[in-house]
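Pasting target-v9.txt here (compact mmCIF, C-alpha atoms):
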```txt
# COMPACT_ATOMS: atom_id res chain seq x y z
CA MET A 23 1.07 -25.61 -46.98
CA PRO A 24 0.04 -22.04 -46.12
CA THR A 25 0.04 -19.71 -49.08
CA LEU A 26 2.16 -16.59 -49.23
CA ARG A 27 -0.79 -14.44 -48.42
CA ASP A 28 -1.67 -16.53 -45.34
CA ILE A 29 1.80 -16.13 -43.94
CA LYS A 30 1.82 -12.44 -44.63
CA ARG A 31 -1.47 -12.05 -42.82
CA ARG A 32 -0.12 -13.88 -39.80
CA ILE A 33 2.97 -11.72 -39.69
CA LYS A 34 0.79 -8.64 -39.67
CA ALA A 35 -1.31 -10.03 -36.84
CA VAL A 36 1.67 -10.92 -34.71
CA GLN A 37 3.19 -7.54 -35.40
CA SER A 38 0.17 -5.69 -34.11
CA THR A 39 0.06 -7.93 -31.05
CA SER A 40 3.64 -7.13 -30.29
CA LYS A 41 2.88 -3.42 -30.62
CA ILE A 42 0.11 -3.77 -28.07
CA THR A 43 2.17 -5.74 -25.58
CA LYS A 44 4.98 -3.26 -25.95
CA ALA A 45 2.67 -0.37 -25.19
CA MET A 46 1.20 -2.23 -22.23
CA LYS A 47 4.65 -2.83 -20.91
CA MET A 48 5.38 0.86 -21.00
CA VAL A 49 2.13 1.71 -19.28
CA ALA A 50 2.85 -0.87 -16.60
CA ALA A 51 6.33 0.57 -16.14
CA ALA A 52 4.95 4.04 -15.55
CA LYS A 53 2.34 2.77 -13.12
CA PHE A 54 4.91 0.66 -11.41
CA ARG A 55 7.15 3.62 -10.75
CA LYS A 56 4.28 5.47 -9.14
CA ALA A 57 3.24 2.51 -7.03
CA GLN A 58 6.78 1.88 -5.97
CA GLN A 59 7.24 5.43 -4.87
CA ARG A 60 4.11 5.34 -2.74
CA MET A 61 5.26 2.10 -1.23
CA PHE A 62 8.65 3.49 -0.34
CA GLU A 63 7.06 6.56 1.18
CA MET A 64 4.85 4.35 3.27
CA ARG A 65 7.58 2.10 4.60
CA PRO A 66 9.15 4.42 7.21
CA TYR A 67 5.74 5.15 8.68
CA ALA A 68 4.78 1.50 8.90
CA ASP A 69 8.14 0.59 10.41
CA LYS A 70 7.97 3.35 13.00
CA MET A 71 4.43 2.35 13.85
CA ASN A 72 5.53 -1.22 14.31
CA SER A 73 8.41 -0.32 16.57
CA VAL A 74 6.22 1.92 18.73
CA LEU A 75 3.68 -0.85 19.07
CA SER A 76 6.18 -3.55 19.78
CA ILE A 77 7.46 -1.51 22.69
CA LEU A 78 3.95 -1.00 23.97
CA ALA A 79 2.75 -4.54 23.45
CA GLY A 80 5.78 -5.87 25.23
CA MET A 81 4.87 -3.97 28.33
CA THR A 82 1.20 -4.61 28.73
CA GLU A 83 -0.87 -7.61 29.62
CA GLY A 84 -3.74 -8.73 27.45
CA GLU A 85 -6.60 -7.12 29.30
CA VAL A 86 -5.98 -3.61 28.09
CA HIS A 87 -7.73 -3.79 24.76
CA PRO A 88 -9.97 -6.28 22.94
CA LEU A 89 -7.61 -6.39 19.99
CA LEU A 90 -4.80 -7.63 22.21
CA VAL A 91 -6.83 -10.50 23.64
CA VAL A 92 -5.70 -13.87 22.40
CA ARG A 93 -8.61 -16.28 22.28
CA PRO A 94 -8.31 -19.98 21.59
CA ARG A 95 -8.26 -20.34 17.81
CA LYS A 96 -11.45 -21.72 16.37
CA THR A 97 -12.22 -19.68 13.30
CA VAL A 98 -9.45 -18.30 11.17
CA GLU A 99 -10.09 -15.59 8.67
CA VAL A 100 -7.95 -15.58 5.55
CA LEU A 101 -7.78 -12.30 3.68
CA VAL A 102 -6.40 -12.74 0.16
CA ILE A 103 -5.20 -9.75 -1.82
CA THR A 104 -5.11 -10.05 -5.61
CA SER A 105 -5.34 -7.62 -8.50
CA ASP A 106 -8.38 -6.48 -10.45
CA ARG A 107 -6.88 -6.93 -13.87
CA GLY A 108 -5.15 -9.83 -15.50
CA LEU A 109 -2.28 -10.07 -17.98
CA CYS A 110 0.28 -10.02 -15.25
CA GLY A 111 1.80 -13.45 -15.51
CA ALA A 112 1.48 -15.82 -12.61
CA PHE A 113 0.85 -13.03 -10.15
CA ASN A 114 -2.71 -13.96 -9.23
CA THR A 115 -2.30 -17.69 -9.73
CA ASN A 116 0.55 -17.77 -7.27
CA ILE A 117 -1.31 -15.94 -4.58
CA LEU A 118 -4.52 -17.90 -5.01
CA LYS A 119 -2.71 -21.22 -4.99
CA ALA A 120 -0.84 -20.24 -1.84
CA ALA A 121 -4.12 -19.20 -0.27
CA MET A 122 -5.76 -22.49 -1.18
CA ARG A 123 -2.88 -24.42 0.32
CA HIS A 124 -3.00 -22.40 3.48
CA VAL A 125 -6.75 -22.82 3.82
CA ALA A 126 -6.47 -26.57 3.32
CA GLU A 127 -3.75 -26.73 5.93
CA LEU A 128 -5.84 -24.84 8.45
CA LYS A 129 -8.81 -27.06 7.77
CA ASN A 130 -6.63 -30.11 8.31
CA GLN A 131 -5.69 -28.77 11.67
CA GLY A 132 -9.36 -28.62 12.52
CA PHE A 133 -10.02 -24.90 12.31
CA GLU A 134 -13.01 -23.26 10.79
CA VAL A 135 -11.86 -21.07 7.93
CA SER A 136 -13.58 -18.06 6.48
CA VAL A 137 -12.20 -16.40 3.40
CA SER A 138 -12.33 -12.77 2.37
CA SER A 139 -10.80 -11.39 -0.75
CA VAL A 140 -9.63 -8.19 -2.32
CA GLY A 141 -9.51 -7.85 -6.10
CA ARG A 142 -11.66 -8.95 -9.00
CA LYS A 143 -9.37 -11.85 -9.85
CA ALA A 144 -9.94 -13.50 -6.49
CA ASN A 145 -13.63 -12.81 -6.92
CA ASP A 146 -13.77 -14.73 -10.21
CA TYR A 147 -11.64 -17.51 -8.86
CA TYR A 148 -13.77 -18.21 -5.83
CA LYS A 149 -17.02 -17.79 -7.69
CA ARG A 150 -15.94 -20.39 -10.25
CA ARG A 151 -15.24 -22.80 -7.45
CA ASN A 152 -18.40 -21.93 -5.53
CA ILE A 153 -16.49 -21.03 -2.43
CA VAL A 154 -18.43 -18.75 -0.15
CA ARG A 155 -16.54 -15.79 1.09
CA ARG A 156 -17.33 -13.76 4.13
CA LYS A 157 -16.66 -10.56 2.32
CA SER A 158 -15.08 -9.35 -0.87
CA TRP A 159 -13.84 -6.06 -2.16
CA SER A 160 -12.92 -5.21 -5.69
CA GLY A 161 -12.18 -2.25 -7.88
CA ILE A 162 -9.65 -0.69 -5.55
CA SER A 163 -6.37 -1.71 -7.12
CA GLY A 164 -5.03 1.01 -9.35
CA LYS A 165 -6.38 3.76 -7.16
CA ILE A 166 -5.58 2.58 -3.68
CA SER A 167 -6.51 5.10 -1.06
CA TYR A 168 -6.14 5.04 2.65
CA ALA A 169 -9.92 5.05 2.88
CA SER A 170 -10.19 1.64 1.24
CA ALA A 171 -7.68 0.23 3.71
CA GLN A 172 -9.73 1.77 6.49
CA GLU A 173 -12.87 0.14 5.20
CA ILE A 174 -11.29 -3.30 5.06
CA ALA A 175 -9.61 -2.86 8.42
CA GLY A 176 -12.84 -1.69 10.01
CA ASP A 177 -14.63 -4.78 8.84
CA VAL A 178 -11.90 -7.13 9.97
CA ILE A 179 -11.61 -5.49 13.36
CA GLU A 180 -15.34 -5.63 13.87
CA SER A 181 -15.53 -9.33 13.19
CA TYR A 182 -12.60 -9.91 15.50
CA ILE A 183 -14.13 -7.97 18.34
CA ASN A 184 -17.54 -9.60 18.08
CA GLU A 185 -15.75 -12.96 18.00
CA THR A 186 -16.87 -14.24 14.60
CA VAL A 187 -13.21 -14.82 13.88
CA ASP A 188 -10.37 -15.53 16.29
CA GLU A 189 -7.44 -14.90 14.03
CA VAL A 190 -6.88 -12.92 10.87
CA VAL A 191 -4.27 -13.92 8.32
CA LEU A 192 -3.27 -11.69 5.46
CA ILE A 193 -2.01 -13.24 2.23
CA TYR A 194 -0.48 -10.92 -0.33
CA ASN A 195 2.39 -10.49 -2.74
CA GLU A 196 5.27 -8.60 -1.29
CA PHE A 197 7.45 -6.61 -3.62
CA LYS A 198 10.97 -7.99 -3.65
CA SER A 199 12.29 -6.66 -6.90
CA VAL A 200 11.01 -5.98 -10.38
CA VAL A 201 11.38 -9.62 -11.32
CA ALA A 202 10.48 -11.25 -8.00
CA GLN A 203 7.43 -11.19 -5.82
CA LYS A 204 7.11 -13.14 -2.65
CA VAL A 205 3.88 -14.50 -1.27
CA ILE A 206 3.57 -13.35 2.31
CA ILE A 207 1.34 -15.03 4.86
CA LYS A 208 1.07 -12.79 7.86
CA THR A 209 -1.04 -12.88 10.97
CA ILE A 210 -2.35 -9.42 11.76
CA LEU A 211 -4.77 -10.21 14.53
CA PRO A 212 -4.50 -10.75 17.46
CA ILE A 213 -1.77 -8.19 17.88
CA GLY A 214 -0.06 -10.36 20.47
CA SER A 215 3.09 -10.94 18.49
CA ILE A 216 4.48 -7.97 16.68
CA GLU A 217 7.95 -8.56 15.39
CA GLU A 218 10.51 -5.98 16.12
CA THR A 219 11.46 -4.45 12.81
CA GLY A 220 12.54 -1.08 14.13
CA VAL A 221 16.16 -0.22 14.45
CA GLU A 222 16.72 0.43 18.12
CA ALA A 223 14.34 -0.42 20.91
CA LEU A 224 14.05 2.05 23.72
CA PRO A 225 15.03 0.80 27.13
CA THR A 226 11.92 -0.71 28.61
CA ALA A 227 10.94 2.17 30.79
CA ILE A 228 7.49 2.90 32.06
CA PHE A 229 5.66 5.07 29.62
CA LEU A 230 3.42 7.92 30.51
CA TYR A 231 0.22 7.92 28.51
CA GLU A 232 -1.87 10.85 27.59
CA PRO A 233 -4.87 10.91 27.90
CA THR A 234 -4.90 7.32 29.22
CA GLN A 235 -3.35 4.06 28.24
CA GLN A 236 -6.77 2.72 27.35
CA GLU A 237 -7.51 5.63 25.07
CA VAL A 238 -4.14 5.52 23.35
CA PHE A 239 -4.47 1.81 22.71
CA SER A 240 -8.00 2.02 21.44
CA ARG A 241 -6.83 4.44 18.76
CA LEU A 242 -3.39 3.11 18.04
CA LEU A 243 -4.28 -0.56 17.61
CA PRO A 244 -6.99 -0.21 14.96
CA LYS A 245 -4.75 2.29 13.24
CA ASN A 246 -2.00 -0.25 13.13
CA ILE A 247 -4.30 -2.74 11.42
CA GLU A 248 -5.26 -0.11 8.88
CA ILE A 249 -1.65 0.68 8.23
CA GLN A 250 -0.72 -2.97 7.81
CA ILE A 251 -3.54 -3.54 5.35
CA PHE A 252 -2.73 -0.33 3.51
CA ARG A 253 0.85 -1.38 3.24
CA ALA A 254 -0.12 -4.82 1.97
CA LEU A 255 -2.31 -3.19 -0.66
CA LEU A 256 0.51 -0.95 -1.81
CA GLU A 257 3.01 -3.80 -1.89
CA SER A 258 0.56 -5.88 -3.87
CA GLN A 259 -0.03 -3.03 -6.28
CA ALA A 260 3.65 -2.49 -6.94
CA SER A 261 4.20 -6.22 -7.38
CA GLU A 262 1.28 -6.43 -9.77
CA GLU A 263 2.62 -3.73 -12.04
CA ALA A 264 6.10 -5.22 -11.88
CA ALA A 265 4.70 -8.63 -12.76
CA ARG A 266 2.73 -7.15 -15.63
CA MET A 267 5.81 -5.36 -16.84
CA SER A 268 7.85 -8.55 -17.10
CA ALA A 269 4.92 -10.54 -18.50
CA MET A 270 4.49 -7.99 -21.25
CA GLU A 271 8.20 -7.89 -21.88
CA ASN A 272 8.18 -11.65 -22.36
CA ALA A 273 5.15 -11.46 -24.61
CA THR A 274 6.84 -8.84 -26.77
CA LYS A 275 9.93 -10.97 -27.02
CA ALA A 276 7.92 -14.04 -27.95
CA ALA A 277 6.03 -12.08 -30.59
CA ASN A 278 9.27 -10.82 -32.11
CA ASP A 279 10.67 -14.36 -32.22
CA MET A 280 7.54 -15.47 -33.95
CA ILE A 281 7.78 -12.68 -36.48
CA GLY A 282 11.33 -13.81 -37.18
CA SER A 283 10.41 -17.40 -37.86
CA LEU A 284 7.34 -16.43 -39.88
CA THR A 285 9.42 -14.10 -42.02
CA LEU A 286 11.84 -16.94 -42.66
CA GLN A 287 8.96 -19.18 -43.66
CA PHE A 288 7.58 -16.44 -45.86
CA ASN A 289 10.88 -15.95 -47.66
CA LYS A 290 11.31 -19.67 -48.18
CA ALA A 291 7.84 -19.92 -49.64
CA ARG A 292 8.50 -16.95 -51.90
CA GLN A 293 11.76 -18.43 -53.08
CA ALA A 294 10.05 -21.72 -53.76
CA ALA A 295 7.36 -19.97 -55.77
CA ILE A 296 9.93 -18.09 -57.84
CA THR A 297 11.94 -21.24 -58.48
CA LYS A 298 8.84 -23.06 -59.54
CA GLU A 299 7.89 -20.30 -61.94
CA LEU A 300 11.38 -20.27 -63.44
CA MET A 301 11.25 -24.03 -63.93
CA ASP A 302 7.94 -23.62 -65.72
CA ILE A 303 9.33 -20.98 -68.05
CA VAL A 304 12.47 -22.99 -68.76
CA GLY A 305 10.34 -26.04 -69.32
CA GLY A 306 8.15 -24.11 -71.78
CA VAL A 307 11.14 -22.77 -73.70
CA GLU A 308 12.65 -26.25 -73.95
CA ALA A 309 9.37 -27.59 -75.26
CA LEU A 310 9.14 -24.87 -77.94
CA LYS A 311 12.70 -25.58 -79.05
CA GLY A 312 11.90 -29.20 -79.50
CA MET B 20 24.43 14.13 20.73
CA GLU B 21 23.85 15.14 24.35
CA ASN B 22 21.19 17.69 24.90
CA LYS B 23 19.89 17.15 21.46
CA LEU B 24 16.68 15.51 20.44
CA ARG B 25 16.24 13.53 17.31
CA LEU B 26 12.93 14.62 15.83
CA GLU B 27 11.32 12.42 13.24
CA ILE B 28 8.04 13.29 11.61
CA VAL B 29 6.60 10.53 9.45
CA THR B 30 3.25 10.29 7.70
CA PRO B 31 1.71 7.66 5.43
CA TYR B 32 2.87 9.86 2.56
CA GLY B 33 6.51 9.82 3.49
CA SER B 34 8.98 11.15 5.95
CA VAL B 35 8.61 14.90 6.47
CA PHE B 36 11.46 15.70 8.76
CA SER B 37 14.32 13.94 10.44
CA ASP B 38 17.03 15.88 12.21
CA GLU B 39 18.47 16.90 15.55
CA VAL B 40 16.76 19.71 17.39
CA ASP B 41 17.05 21.38 20.77
CA GLU B 42 13.50 21.77 21.85
CA ILE B 43 10.02 20.79 20.69
CA THR B 44 6.58 22.16 21.39
CA ALA B 45 3.55 20.28 20.13
CA ALA B 46 -0.21 20.14 20.59
CA GLY B 47 -1.11 17.02 22.55
CA SER B 48 -4.67 15.88 23.04
CA GLU B 49 -4.57 17.20 26.60
CA GLY B 50 -2.96 20.47 25.72
CA GLU B 51 0.29 21.79 24.48
CA PHE B 52 3.45 20.21 25.74
CA GLY B 53 7.11 20.92 25.45
CA VAL B 54 9.94 18.46 25.23
CA PHE B 55 13.54 19.00 26.15
CA PRO B 56 16.24 16.35 25.96
CA GLN B 57 16.09 13.73 28.71
CA HIS B 58 12.33 13.79 28.84
CA ALA B 59 10.59 10.85 30.49
CA PRO B 60 9.21 8.25 28.07
CA PHE B 61 5.81 9.37 27.06
CA ILE B 62 3.14 8.59 24.49
CA THR B 63 0.38 10.95 23.57
CA MET B 64 -2.23 11.44 20.94
CA LEU B 65 -1.95 14.65 19.00
CA LYS B 66 -4.52 17.22 18.14
CA THR B 67 -4.51 19.00 14.84
CA GLY B 68 -2.13 21.80 15.49
CA MET B 69 1.23 23.36 15.29
CA LEU B 70 4.53 21.77 16.09
CA MET B 71 7.43 24.05 16.80
CA CYS B 72 11.00 23.07 17.23
CA LYS B 73 14.12 25.06 17.91
CA GLN B 74 17.20 24.15 16.02
CA GLY B 75 20.07 26.33 17.13
CA SER B 76 18.88 29.88 16.71
CA SER B 77 16.19 29.16 14.16
CA THR B 78 12.69 27.95 14.79
CA LEU B 79 10.96 25.50 12.52
CA ILE B 80 7.21 25.31 12.37
CA PHE B 81 5.15 22.36 11.17
CA PHE B 82 1.49 21.66 10.72
CA VAL B 83 0.58 18.25 12.12
CA SER B 84 -2.86 16.73 11.86
CA GLY B 85 -3.81 13.88 14.18
CA GLY B 86 -1.64 10.97 15.09
CA TYR B 87 0.73 10.22 17.92
CA ALA B 88 3.92 11.34 19.48
CA GLU B 89 6.31 8.95 21.07
CA VAL B 90 8.79 10.71 23.29
CA GLY B 91 11.97 9.09 24.47
CA PRO B 92 14.97 10.53 26.30
CA ASP B 93 16.81 11.45 23.13
CA LYS B 94 14.23 11.22 20.39
CA VAL B 95 10.73 12.15 19.46
CA VAL B 96 8.78 10.29 16.82
CA ILE B 97 5.69 11.94 15.41
CA LEU B 98 3.34 9.61 13.56
CA GLY B 99 1.01 12.08 11.92
CA ASP B 100 -1.95 11.51 9.65
CA SER B 101 -0.57 14.37 7.68
CA ALA B 102 2.16 16.87 8.31
CA GLU B 103 3.85 19.61 6.41
CA LYS B 104 6.38 22.33 6.94
CA SER B 105 4.83 25.74 7.33
CA GLU B 106 6.53 27.03 4.18
CA ASP B 107 5.07 24.19 2.17
CA ILE B 108 1.46 24.84 3.09
CA ASP B 109 -0.69 25.76 0.16
CA ILE B 110 -2.73 28.61 1.62
CA GLU B 111 -5.04 28.87 -1.36
CA ARG B 112 -5.92 25.22 -1.05
CA ALA B 113 -6.47 25.49 2.67
CA LYS B 114 -8.73 28.49 2.17
CA ALA B 115 -10.75 26.60 -0.42
CA ALA B 116 -11.02 23.67 1.96
CA MET B 117 -12.21 25.99 4.70
CA GLN B 118 -14.90 27.39 2.47
CA ARG B 119 -16.06 23.94 1.45
CA ALA B 120 -16.26 22.83 5.04
CA GLU B 121 -18.19 25.94 6.06
CA GLU B 122 -20.70 25.39 3.31
CA ARG B 123 -21.19 21.82 4.33
CA LEU B 124 -21.74 22.87 7.91
CA LYS B 125 -24.51 25.22 6.90
CA LYS B 126 -26.71 22.38 5.78
CA ILE B 127 -28.56 21.27 8.86
CA ASP B 128 -29.39 17.71 7.92
CA ASN B 129 -25.76 16.87 7.75
CA ILE B 130 -24.63 13.33 8.46
CA ASP B 131 -21.00 14.21 8.06
CA PHE B 132 -21.13 16.88 10.68
CA GLY B 133 -18.14 15.52 12.53
CA ARG B 134 -16.10 15.20 9.39
CA ALA B 135 -16.92 18.69 8.20
CA THR B 136 -16.05 20.16 11.58
CA ALA B 137 -12.75 18.34 11.56
CA ALA B 138 -12.04 19.52 8.03
CA LEU B 139 -12.83 23.08 9.02
CA GLU B 140 -10.53 22.83 12.01
CA ARG B 141 -7.72 21.42 9.90
CA ALA B 142 -8.06 24.14 7.30
CA THR B 143 -8.20 26.92 9.88
CA ILE B 144 -5.16 25.72 11.74
CA ARG B 145 -3.28 25.13 8.53
CA ILE B 146 -3.82 28.74 7.57
CA GLN B 147 -2.80 29.92 11.01
CA VAL B 148 0.37 27.91 10.89
CA ALA B 149 1.21 29.16 7.42
CA GLN B 150 0.64 32.77 8.39
CA LYS B 151 2.76 32.52 11.48
CA LEU B 152 5.78 32.60 9.26
CA SER B 153 4.82 34.74 6.32
CA PRO B 154 4.63 38.24 7.94
CA LYS B 155 8.40 38.30 8.39
```
Would you kindly transcribe this structure into C-alpha cells?
Amino acid sequence: MPTLRDIKRRIKAVQSTSKITKAMKMVAAAKFRKAQQRMFEMRPYADKMNSVLSILAGMTEGEVHPLLVVRPRKTVEVLVITSDRGLCGAFNTNILKAAMRHVAELKNQGFEVSVSSVGRKANDYYKRRNIVRRKSWSGISGKISYASAQEIAGDVIESYINETVDEVVLIYNEFKSVVAQKVIIKTILPIGSIEETGVEALPTAIFLYEPTQQEVFSRLLPKNIEIQIFRALLESQASEEAARMSAMENATKAANDMIGSLTLQFNKARQAAITKELMDIVGGVEALKG
Amino acid sequence: MENKLRLEIVTPYGSVFSDEVDEITAAGSEGEFGVFPQHAPFITMLKTGMLMCKQGSSTLIFFVSGGYAEVGPDKVVILGDSAEKSEDIDIERAKAAMQRAEERLKKIDNIDFGRATAALERATIRIQVAQKLSPK
C-alpha cells in the first residue's frame, strides 16, 4: 500500500511529464505549420515539372539520355526516408517496417538490394541489425534545404549512370492529413514511367528544343530527380511533425487520465487515514470512560 | 481566351504568377525570345534574366533565374529556380549579394569561381530588373 506521500510524489511527476508533452505538442504544431506551408508551395512546381516531363518522355525513345535507359533489373536501390528525432509515434517504425518488407520481397524475386537511408532513426535501426547500407545521410530533417536534396539526388544519379544500381525506389511517408500518413513506395529511376499528374496534356505536337534536345534533357532529368527527392523530404517532414503532434496529444491525454486516477487513489487513502485516526480517538475515549 | 496566353511562373518556393497575358518576352539560353499566342510548342532553358509580359496596356516585369520555359499554343509555363516580381525585389539585399560575390571573386585561389560568378550575375541582373521600374 503506497503511502500518502508516495502517491503525492507520483502525481507531481506525472504532472510535470504532462507539462512537457503539452509543450512539445505546441512546438510540433508550430513546426508542422511551417513544414506544411513549404510542402504546399512546392507542390505546384513538382506537378508542373512532372507534366512537362511526361509529355517529353512520351515522345522520345530511350537513347536520348542515360537516365531514360531502362536496363534489365539486377540491383535495386532502396532509399528510405525517416526522421532524425523520435517521440513521433509509429512514424519511423511504420516506414522501416515497410522498407524491410519491400526489401525482403525484392530479394525473394532474386534481385540484389542495396539500401540507403536518410535520417538518424534509420541509421540506428540498420546499425542495430548490422545491415550494411550503401550510403546514409542524417541531420537534415528540421532544416531541409534544396541543397541536401541535390546532394542525395547527385549520389543516386551517379550510381545509376555508372550502373551500380539499375533501379531506385524511394520509400517515404506522404502527408495525407494531420492524423494520417501514408507510406509511399515510388520508383524514381529509370524515368521511363512518369505518371501523368498534370491537369491537361498538350496535344502531342513536335517540340522545338533550345539549345538541343540532348542539352535540355541532360539538365531537366537530373533536376526532376532532385525535385522528387526534395518533395519526398518535405512530405516526410510535414508528416513527422504531424505524427509528433498527435503522439504528444495522446501522451498528454494519458498523463491527465493518470493524474485523475492517482488523485482518486490519493483521496481514498487520505480518507482512510482520517477514518482510522477517528476510530483511534473514539476507541481511546471509550477506554477512558470505562 | 483566344489571343491570350496563360502565363504561369512556378518556383520551388511557390507559384509566383498565374494569369492571362497578351505577350511575353524572356531570356532563353540562346538569346531573348518573344511569345505571342499560337506559338509552336517549344522548350527552352532559361538564362538568369528578365521576363516581360504585356497584360492589356500594362507591362509586368519579372526576374527569373535559371530553369525552363515550356511554350504551348495557349500557355507558357516557367519553371524557375527562383523568380520574383520586379516590385518585390529587395535591392539592398541584391546589392549586398553583389558585393559578397565580388569579394569572393577577388581571391584567386577560388574553387567556387563558377558559383561566385553566377551569384554576381544574378545579383547584377536582379538590380537591373528592379531599377527598370523604379525611375517612373
| query | Quick one: distance from atom CA of A:Ile179 to atom CA of A:Ile247 in Å, one decimal? | reply |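 Atom CA of A:Ile179 sits 8.0 Å away from atom CA of A:Ile247.
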| task | For atom CA of A:Asp188 and atom CA of A:Ile251, determine how far apart the two atoms are, in Å to one decimal place. | result | 17.6 Å
| query | Could you tell me, as a VMD selection string, which residues have any atom at most 12 Å from (0.5, -6.8, 4.7), counting only C-alpha atoms? | reply | chain A and resid 61 65 68 101 to 103 171 175 190 to 197 204 to 211 246 to 259
For the residues in the current selection, export C-alpha atoms as a tab-separated table (two decimals), in the frame of the given file.
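File produced: out-v2.tsv:
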```
chain	number	residue	atom	x	y	z
A	61	MET	CA	5.26	2.10	-1.23
A	65	ARG	CA	7.58	2.10	4.60
A	68	ALA	CA	4.78	1.50	8.90
A	101	LEU	CA	-7.78	-12.30	3.68
A	102	VAL	CA	-6.40	-12.74	0.16
A	103	ILE	CA	-5.20	-9.75	-1.82
A	171	ALA	CA	-7.68	0.23	3.71
A	175	ALA	CA	-9.61	-2.86	8.42
A	190	VAL	CA	-6.88	-12.92	10.87
A	191	VAL	CA	-4.27	-13.92	8.32
A	192	LEU	CA	-3.27	-11.69	5.46
A	193	ILE	CA	-2.01	-13.24	2.23
A	194	TYR	CA	-0.48	-10.92	-0.33
A	195	ASN	CA	2.39	-10.49	-2.74
A	196	GLU	CA	5.27	-8.60	-1.29
A	197	PHE	CA	7.45	-6.61	-3.62
A	204	LYS	CA	7.11	-13.14	-2.65
A	205	VAL	CA	3.88	-14.50	-1.27
A	206	ILE	CA	3.57	-13.35	2.31
A	207	ILE	CA	1.34	-15.03	4.86
A	208	LYS	CA	1.07	-12.79	7.86
A	209	THR	CA	-1.04	-12.88	10.97
A	210	ILE	CA	-2.35	-9.42	11.76
A	211	LEU	CA	-4.77	-10.21	14.53
A	246	ASN	CA	-2.00	-0.25	13.13
A	247	ILE	CA	-4.30	-2.74	11.42
A	248	GLU	CA	-5.26	-0.11	8.88
A	249	ILE	CA	-1.65	0.68	8.23
A	250	GLN	CA	-0.72	-2.97	7.81
A	251	ILE	CA	-3.54	-3.54	5.35
A	252	PHE	CA	-2.73	-0.33	3.51
A	253	ARG	CA	0.85	-1.38	3.24
A	254	ALA	CA	-0.12	-4.82	1.97
A	255	LEU	CA	-2.31	-3.19	-0.66
A	256	LEU	CA	0.51	-0.95	-1.81
A	257	GLU	CA	3.01	-3.80	-1.89
A	258	SER	CA	0.56	-5.88	-3.87
A	259	GLN	CA	-0.03	-3.03	-6.28
```
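Distances from A:Lys149, A:Lys143, A:Lys96, A:Arg241 to A:Ile162 were compared using only C-alpha atoms, and the smallest one belongs to A:Lys143.
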| query | atom CA of A:Gly111 and atom CA of A:Arg156 are how many Å apart? | reply |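 Distance between the two atoms: 27.4 Å.
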| From the set A:Pro24, A:Gly141, A:Pro233, A:Gly176, which residue has the shortest atom-to-atom contact distance to chain B, counting all atoms listed in the file? |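 Answer, going by the shortest atom-to-atom distance: A:Pro233.
Contacts from chain B to chain A at a cut-off of 6 Å (only C-alpha atoms) map to Val29, Thr30, Pro31, Tyr32, Gly33, Pro60, Phe61, Ile62 and Thr63 of chain B.
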Could you give me the axis-aligned bounding box of stretch 111-116 of chain A, with 4 Å of padding per side, as centre plus edge lengths in Å to one decimal, as lines of an AutoDock Vina configuration file?
```
center_x = -0.5
center_y = -15.4
center_z = -11.4
size_x = 12.5
size_y = 12.7
size_z = 16.2
```
| request: Compile the contact shell of B:Glu103 as a list of chain:residue names: residues with an atom at most 8 Å away, counting all atoms listed in the file, same-chain residues fewer than 2 positions apart removed. | output: B:Val35, B:Phe81, B:Phe82, B:Val83, B:Ser101, B:Ser105, B:Asp107, B:Ile108
Keeping C-alpha atoms for every residue in the selection just given, could you write it to a file as a PDB file, in the coordinates of the input?
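As a result, again-v7.pdb now contains:
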```
ATOM      1  CA  VAL B  35       8.610  14.900   6.470  1.00  0.00           C
ATOM      2  CA  PHE B  81       5.150  22.360  11.170  1.00  0.00           C
ATOM      3  CA  PHE B  82       1.490  21.660  10.720  1.00  0.00           C
ATOM      4  CA  VAL B  83       0.580  18.250  12.120  1.00  0.00           C
ATOM      5  CA  SER B 101      -0.570  14.370   7.680  1.00  0.00           C
ATOM      6  CA  SER B 105       4.830  25.740   7.330  1.00  0.00           C
ATOM      7  CA  ASP B 107       5.070  24.190   2.170  1.00  0.00           C
ATOM      8  CA  ILE B 108       1.460  24.840   3.090  1.00  0.00           C
TER       9      ILE B 108
END
```
| task | Kindly indicate which residue among A:Glu189, A:Glu134, A:Asp279, A:Glu173 lies nearest to A:Leu90, using all atoms listed in the file for the distances. | result |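 Using all atoms listed in the file, the shortest distance to A:Leu90 belongs to A:Glu189.
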